[in-house]
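This is input_16.txt. It holds compact mmCIF, C-alpha atoms.
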```
# COMPACT_ATOMS: atom_id res chain seq x y z
CA MET A 27 -13.43 -11.28 12.66
CA GLY A 28 -16.00 -8.54 12.17
CA GLY A 29 -18.45 -10.46 14.36
CA ARG A 30 -18.17 -13.69 12.37
CA SER A 31 -15.82 -16.63 12.09
CA VAL A 32 -13.21 -16.86 9.33
CA ALA A 33 -15.23 -19.67 7.73
CA GLU A 34 -18.39 -17.53 7.76
CA ASN A 35 -16.53 -14.61 6.21
CA LEU A 36 -15.24 -16.82 3.42
CA ASP A 37 -18.70 -18.27 2.80
CA ARG A 38 -20.10 -14.75 2.49
CA ALA A 39 -17.27 -13.73 0.16
CA VAL A 40 -17.79 -16.63 -2.26
CA VAL A 41 -19.82 -14.71 -4.80
CA PRO A 42 -18.97 -13.97 -8.44
CA ASP A 43 -17.65 -10.45 -7.84
CA ARG A 44 -15.42 -11.27 -4.82
CA ILE A 45 -13.78 -14.68 -4.45
CA THR A 46 -14.40 -18.02 -6.09
CA LEU A 47 -14.31 -21.54 -4.66
CA ARG A 48 -12.75 -23.69 -7.35
CA PRO A 49 -13.76 -27.31 -8.06
CA ASP A 50 -10.49 -28.47 -6.47
CA GLY A 51 -11.54 -26.88 -3.15
CA ARG A 52 -9.14 -23.93 -3.35
CA TYR A 53 -10.07 -20.24 -3.26
CA THR A 54 -9.12 -17.65 -5.85
CA LEU A 55 -9.91 -13.99 -6.45
CA SER A 56 -12.59 -13.20 -9.00
CA ASP A 57 -11.64 -11.38 -12.18
CA SER A 58 -13.38 -8.23 -10.92
CA GLN A 59 -11.43 -8.37 -7.64
CA MET A 60 -8.13 -8.75 -9.47
CA GLN A 61 -9.01 -5.75 -11.59
CA ALA A 62 -10.10 -3.71 -8.55
CA ASN A 63 -6.92 -4.61 -6.65
CA GLY A 64 -4.72 -3.62 -9.55
CA ILE A 65 -3.25 -7.03 -10.32
CA GLY A 66 -1.48 -7.39 -13.64
CA LEU A 67 -2.04 -4.80 -16.35
CA ALA A 68 -4.07 -2.53 -14.07
CA ASP A 69 -1.23 -2.34 -11.52
CA PRO A 70 0.60 0.98 -12.09
CA TYR A 71 3.85 -0.21 -10.49
CA ILE A 72 6.89 -1.88 -12.00
CA PHE A 73 8.08 -4.68 -9.70
CA ARG A 74 11.51 -6.18 -9.37
CA GLY A 75 12.54 -9.18 -7.33
CA HIS A 76 9.40 -11.29 -7.32
CA GLY A 77 6.94 -12.81 -9.73
CA THR A 78 3.22 -13.40 -9.65
CA PRO A 79 1.63 -14.14 -7.27
CA HIS A 80 3.13 -11.73 -4.78
CA PRO A 81 2.67 -12.85 -1.14
CA CYS A 82 0.75 -9.63 -0.43
CA VAL A 83 -2.08 -10.89 -2.62
CA PHE A 84 -2.65 -13.72 -0.15
CA PHE A 85 -2.20 -11.65 3.00
CA THR A 86 -4.06 -8.48 2.04
CA ASP A 87 -6.36 -9.18 -0.91
CA PHE A 88 -7.51 -12.57 0.36
CA LEU A 89 -6.96 -12.79 4.13
CA PHE A 90 -7.41 -9.21 5.27
CA ASN A 91 -10.11 -8.16 2.82
CA HIS A 92 -12.17 -11.37 2.90
CA ALA A 93 -11.25 -14.01 5.47
CA TYR A 94 -10.71 -11.42 8.22
CA ALA A 95 -13.30 -8.95 6.89
CA GLY A 96 -10.85 -6.07 7.46
CA ALA A 97 -10.96 -6.62 11.22
CA ALA A 98 -7.50 -8.07 11.97
CA VAL A 99 -3.96 -7.66 10.70
CA PRO A 100 -2.69 -11.01 9.34
CA TRP A 101 -0.09 -12.83 11.40
CA GLY A 102 2.11 -13.02 8.31
CA CYS A 103 2.25 -9.21 8.14
CA ARG A 104 3.57 -8.67 11.67
CA ASN A 105 7.20 -8.19 10.59
CA CYS A 106 6.48 -6.45 7.28
CA TYR A 107 8.28 -3.12 7.08
CA LYS A 108 9.00 -1.25 3.89
CA ILE A 109 11.00 1.81 2.95
CA LYS A 110 9.07 4.33 0.87
CA VAL A 111 10.78 7.11 -1.06
CA ALA A 112 8.34 9.67 -2.48
CA THR A 113 9.51 11.90 -5.34
CA PRO A 114 7.83 14.84 -7.13
CA THR A 115 8.59 13.98 -10.77
CA LEU A 116 8.65 10.94 -13.01
CA ARG A 117 12.32 11.60 -13.82
CA GLN A 118 13.27 11.50 -10.14
CA MET A 119 11.13 8.43 -9.56
CA TRP A 120 13.06 6.67 -12.31
CA GLN A 121 16.34 7.67 -10.66
CA MET A 122 15.03 6.28 -7.38
CA LYS A 123 13.81 3.12 -9.09
CA THR A 124 17.27 2.53 -10.53
CA LEU A 125 18.92 2.96 -7.11
CA ALA A 126 16.42 0.67 -5.38
CA GLU A 127 16.80 -2.03 -8.01
CA SER A 128 20.56 -2.01 -7.50
CA LEU A 129 19.96 -3.69 -4.13
CA PRO A 130 19.25 -7.44 -3.84
CA ILE A 131 15.74 -6.95 -2.50
CA THR A 132 12.14 -6.67 -3.71
CA THR A 133 11.05 -3.24 -4.98
CA LYS A 134 8.20 -1.53 -6.76
CA SER A 135 8.02 1.92 -8.34
CA GLY A 136 5.17 3.86 -9.88
CA PRO A 137 2.88 6.90 -9.97
CA GLU A 138 0.67 7.55 -6.95
CA ALA A 139 -1.10 10.77 -7.84
CA MET A 140 -4.32 8.81 -8.50
CA ASN A 141 -4.07 6.85 -5.22
CA LEU A 142 -6.65 8.36 -2.87
CA LEU A 143 -4.95 6.90 0.22
CA ASN A 144 -1.89 9.17 0.16
CA GLN A 145 -0.57 12.52 -1.07
CA SER A 146 2.48 11.28 -2.96
CA LEU A 147 2.96 11.93 -6.65
CA TYR A 148 5.38 9.01 -7.21
CA GLY A 149 6.67 6.33 -4.91
CA THR A 150 9.40 3.71 -4.80
CA TYR A 151 9.11 0.95 -2.21
CA VAL A 152 11.88 -1.27 -0.89
CA TYR A 153 10.54 -4.29 1.00
CA ASN A 154 11.71 -6.12 4.10
CA CYS A 155 8.64 -8.32 4.38
CA THR A 156 10.01 -10.69 7.02
CA GLY A 157 13.02 -8.93 8.49
CA GLY A 158 11.29 -6.44 10.77
CA LEU A 159 12.19 -2.85 11.61
CA GLU A 160 15.83 -3.62 12.30
CA ALA A 161 16.29 -5.03 8.80
CA ALA A 162 14.47 -2.06 7.26
CA ASN A 163 16.80 0.37 9.02
CA ALA A 164 19.82 -1.64 7.91
CA THR A 165 18.64 -1.47 4.30
CA LEU A 166 18.01 2.25 4.63
CA SER A 167 21.57 2.76 5.87
CA THR A 168 22.72 1.30 2.55
CA LEU A 169 20.15 3.13 0.42
CA ARG A 170 20.44 6.62 1.92
CA PRO A 171 24.05 7.28 0.75
CA LEU A 172 23.03 6.32 -2.79
CA ILE A 173 20.18 8.83 -2.66
CA GLU A 174 22.40 11.57 -1.24
CA ALA A 175 24.98 10.99 -3.98
CA THR A 176 22.42 11.37 -6.79
CA PRO A 177 22.21 14.97 -8.10
CA GLY A 178 18.74 16.43 -7.87
CA LEU A 179 17.35 13.57 -5.80
CA ALA A 180 18.60 14.05 -2.24
CA SER A 181 16.92 17.45 -1.80
CA VAL A 182 13.45 16.26 -2.85
CA ALA A 183 13.26 12.60 -1.77
CA LYS A 184 10.93 12.04 1.18
CA ILE A 185 11.92 8.87 3.02
CA SER A 186 9.70 6.94 5.40
CA ILE A 187 9.52 3.46 6.87
CA LYS A 188 6.02 2.00 6.86
CA ARG A 189 4.63 -1.05 8.59
CA CYS A 190 2.23 -3.22 6.59
CA CYS A 191 -0.07 -1.60 4.02
CA THR A 192 -1.68 1.82 4.20
CA HIS A 193 -5.24 0.52 3.85
CA ILE A 194 -4.67 -1.92 6.74
CA GLU A 195 -3.41 0.83 9.04
CA LEU A 196 -6.30 3.10 8.09
CA SER A 197 -8.72 0.28 9.00
CA CYS A 198 -7.03 -1.13 12.11
CA GLY A 199 -5.47 1.93 13.68
CA PRO A 200 -1.86 3.01 14.26
CA SER A 201 0.56 0.25 13.34
CA ASP A 202 2.67 0.76 16.47
CA CYS A 203 -0.35 -0.42 18.47
CA TYR A 204 -1.00 -3.65 16.54
CA THR A 205 -1.56 -6.85 18.46
CA PHE A 206 -1.44 -10.29 16.88
CA ASP A 207 -3.36 -13.34 17.98
CA PRO A 208 -0.91 -16.29 17.85
CA GLY A 209 -3.84 -18.48 16.83
CA LEU A 210 -3.84 -16.77 13.43
CA GLU A 211 -0.56 -18.46 12.57
CA ALA A 212 -2.32 -21.83 12.36
CA VAL A 213 -5.26 -20.32 10.45
CA GLU A 214 -2.95 -18.83 7.84
CA ALA A 215 -0.87 -22.01 7.56
CA TYR A 216 -4.11 -23.88 6.87
CA LEU A 217 -5.41 -21.38 4.30
CA ARG A 218 -2.14 -20.70 2.46
CA PRO A 219 -2.18 -23.89 0.32
CA ARG A 220 -5.93 -23.44 -0.17
CA PHE A 221 -5.51 -20.15 -2.01
CA VAL A 222 -4.32 -19.80 -5.57
CA LEU A 223 -4.02 -16.71 -7.73
CA ASP A 224 -5.55 -17.94 -10.97
CA TYR A 225 -3.88 -15.31 -13.09
CA ARG A 226 -1.67 -15.37 -16.15
CA PRO A 227 -0.16 -12.13 -17.49
CA PRO A 228 -1.76 -11.20 -20.84
CA VAL A 229 1.67 -10.38 -22.30
CA PRO A 230 5.31 -11.12 -21.36
CA GLU A 231 6.57 -9.14 -18.36
CA ALA A 232 9.03 -7.06 -20.41
CA LEU A 233 6.22 -5.88 -22.70
CA LEU A 234 3.90 -5.37 -19.74
CA ASN A 235 6.45 -3.06 -18.11
CA LYS A 236 6.80 -1.05 -21.32
CA MET A 237 3.03 -0.57 -21.32
CA LYS A 238 3.23 0.57 -17.69
CA VAL A 239 5.84 3.17 -18.59
CA LEU A 240 3.37 4.60 -21.09
CA HIS A 241 0.71 4.71 -18.34
CA MET A 242 3.23 6.50 -16.10
CA ALA A 243 3.90 9.08 -18.81
CA ARG A 244 0.18 9.68 -19.19
CA ALA A 245 -0.23 10.11 -15.44
CA ALA A 246 2.67 12.59 -15.40
CA PHE A 247 1.11 14.54 -18.26
CA GLN A 248 -2.19 14.77 -16.37
CA ILE A 249 -0.58 16.38 -13.31
CA GLY A 250 1.59 18.77 -15.32
CA ASP A 251 4.88 16.92 -14.84
CA GLU A 252 6.81 17.70 -18.01
CA THR A 253 9.54 15.17 -17.21
CA TYR A 254 7.32 12.58 -18.90
CA ARG A 255 9.03 13.73 -22.10
CA ASP A 256 12.11 11.80 -20.95
CA PHE A 257 10.09 8.71 -21.91
CA THR A 258 8.54 9.98 -25.16
CA GLY A 259 11.68 11.14 -26.95
CA GLY A 260 10.85 14.71 -26.01
CA LYS A 261 7.52 14.63 -27.82
CA PRO A 262 4.34 15.95 -26.14
CA LEU A 263 1.51 13.51 -25.57
CA GLN A 264 -1.06 16.09 -26.67
CA LYS A 265 -1.08 19.27 -28.70
CA THR A 266 -1.49 22.53 -26.80
CA CYS A 267 -4.83 24.28 -27.25
CA VAL A 268 -5.00 28.02 -27.90
CA ASN A 269 -5.35 30.11 -24.72
CA TYR A 270 -7.41 33.29 -25.17
CA VAL A 271 -6.73 34.88 -21.79
CA ASP A 272 -5.62 38.54 -22.29
CA VAL A 273 -6.28 38.34 -26.03
CA VAL A 274 -8.26 41.43 -27.05
CA PRO A 275 -10.94 40.57 -29.61
CA ALA A 276 -10.55 42.42 -32.90
CA VAL A 277 -13.24 45.05 -33.48
CA ARG A 278 -15.28 44.13 -36.51
CA GLU A 279 -15.74 46.78 -39.17
CA ASN A 280 -19.04 48.69 -38.81
CA GLU A 281 -19.66 46.86 -35.52
CA HIS A 282 -20.81 50.08 -33.83
CA ASP A 283 -22.81 51.51 -36.71
```

For this file, produce the structure as structure tokens.
Amino acid sequence: MGGRSVAENLDRAVVPDRITLRPDGRYTLSDSQMQANGIGLADPYIFRGHGTPHPCVFFTDFLFNHAYAGAAVPWGCRNCYKIKVATPTLRQMWQMKTLAESLPITTKSGPEAMNLLNQSLYGTYVYNCTGGLEAANATLSTLRPLIEATPGLASVAKISIKRCCTHIELSCGPSDCYTFDPGLEAVEAYLRPRFVLDYRPPVPEALLNKMKVLHMARAAFQIGDETYRDFTGGKPLQKTCVNYVDVVPAVRENEHD
């Protein structure tokens, strides 16, 4: 894995700003890593269908980033396919979020304009983390009619099915060319109980999600998406400054004397 063994990678990662080896012999992410990976309050997405910790924290934030040093796709990710629906406004994202959450499956929705790994403004994800491509297509066959029946959404929604995470594919090449070493199954079974996400939400989830909606409105304001006013009671987040383009300055009296 990147020229070293998994054990060597973990030894190198056990530093204060990456991962921590707890007194009980289990690994956890450092506070700085949790902040960098957007866990908890820093995460811009609203999740539905799972709690904390999400299995992706183990597979991507711990295994891929540290144990595998970004050099191999985890065995546990081999059948992970997700539907992504990108939308251009916060209002349409909220419509898409509502549709996705009507299905009995894990979802997340949030702004993506600040995500440097893609060109989406907003995204809603519907997960099939163990069902494979066939299950993802089956879910899409249920979701697509709901999208098409929603006024103002069908014409702008951009639907894709992704395999694994974007940052993994950017590091390991096209996902349709992935190969998986069966030996990783035993490695991951060994490490799974030896990893713990030592994290407790600072506030109850309902309040946390309300705070995230405010962050979404701020992100929408920054990119000029006026539909953020749907979430502020129609009120602007900032006052408008005076624009002096095409304003002819008044000539002062005796200016040319």

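Nearest residue to Lys134 of chain A among A:Thr54, A:Asn235, A:Gly199, A:His193 is A:Asn235, counting only C-alpha atoms.
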
Spatial sel., origin (13.4, -7.0, 6.1), limit 12 Å, all atoms listed in the file, listed as a VMD selection string: chain A and resid 103 to 109 130 to 133 152 to 166 187 to 190

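With distances taken over all atoms listed in the file, A:Tyr216 is the one residue among A:Pro81, A:Tyr216, A:Pro137, A:Ala180 lying closest to Val32 of chain A.
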
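Interatomic distance, atom CA of Ser146 of chain A to atom CA of Leu234 of chain A: 23.7 Å.
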
Length of the atom CA of Leu125 of chain A to atom CA of Leu169 of chain A vector [Å]: 7.6 Å

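Ranking A:Tyr94, A:Trp120, A:Tyr53, A:Phe257 by their shortest atom-to-atom distance to Ala243 of chain A, with only C-alpha atoms included, puts A:Phe257 first.
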
Return the padded bounding box of segment 167-179 of chain A as AutoDock Vina command-line options: axis-aligned, built from all atoms listed in the file, 8 Å added on each side, with centre and edge lengths in Å to one decimal.
```
--center_x 21.2 --center_y 8.9 --center_z -1.1 --size_x 23.6 --size_y 31.1 --size_z 30.0
```

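Across A:Gly75, A:Gly178, A:Pro208, A:Pro114, the tightest approach to Leu147 of chain A is made by A:Pro114 when counting only C-alpha atoms.
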
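For Thr258 of chain A, the list of residues within 12 Å, based on only C-alpha atoms and with local chain neighbours fewer than 2 positions off taken out, reads Lys236, Val239, Leu240, His241, Met242, Ala243, Arg244, Ala246, Phe247, Glu252, Thr253, Tyr254, Arg255, Asp256, Gly260, Lys261, Pro262, Leu263 and Gln264 of chain A.
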
Mind dumping the selected residues with C-alpha atoms as a PDB file, keeping the file's coordinate frame?
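For reference, result_5.pdb as written:
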```
ATOM      1  CA  LYS A 236       6.800  -1.050 -21.320  1.00  0.00           C
ATOM      2  CA  VAL A 239       5.840   3.170 -18.590  1.00  0.00           C
ATOM      3  CA  LEU A 240       3.370   4.600 -21.090  1.00  0.00           C
ATOM      4  CA  HIS A 241       0.710   4.710 -18.340  1.00  0.00           C
ATOM      5  CA  MET A 242       3.230   6.500 -16.100  1.00  0.00           C
ATOM      6  CA  ALA A 243       3.900   9.080 -18.810  1.00  0.00           C
ATOM      7  CA  ARG A 244       0.180   9.680 -19.190  1.00  0.00           C
ATOM      8  CA  ALA A 246       2.670  12.590 -15.400  1.00  0.00           C
ATOM      9  CA  PHE A 247       1.110  14.540 -18.260  1.00  0.00           C
ATOM     10  CA  GLU A 252       6.810  17.700 -18.010  1.00  0.00           C
ATOM     11  CA  THR A 253       9.540  15.170 -17.210  1.00  0.00           C
ATOM     12  CA  TYR A 254       7.320  12.580 -18.900  1.00  0.00           C
ATOM     13  CA  ARG A 255       9.030  13.730 -22.100  1.00  0.00           C
ATOM     14  CA  ASP A 256      12.110  11.800 -20.950  1.00  0.00           C
ATOM     15  CA  GLY A 260      10.850  14.710 -26.010  1.00  0.00           C
ATOM     16  CA  LYS A 261       7.520  14.630 -27.820  1.00  0.00           C
ATOM     17  CA  PRO A 262       4.340  15.950 -26.140  1.00  0.00           C
ATOM     18  CA  LEU A 263       1.510  13.510 -25.570  1.00  0.00           C
ATOM     19  CA  GLN A 264      -1.060  16.090 -26.670  1.00  0.00           C
TER      20      GLN A 264
END
```

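Atom CA of His92 of chain A is found 12.1 Å from atom CA of Asp43 of chain A.
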
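Between Gln248 of chain A and the candidates A:Val268, A:Ile173, A:Ala232, A:Met140, the tightest atom-to-atom separation, counting only C-alpha atoms, involves A:Met140.
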
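If you count all atoms listed in the file and ignore residues fewer than 6 places along the chain from Val111 of chain A, what sits within 7 Å of it is Gly149, Thr150, Tyr151, Ala183, Lys184, Ile185 and Ser186 of chain A.
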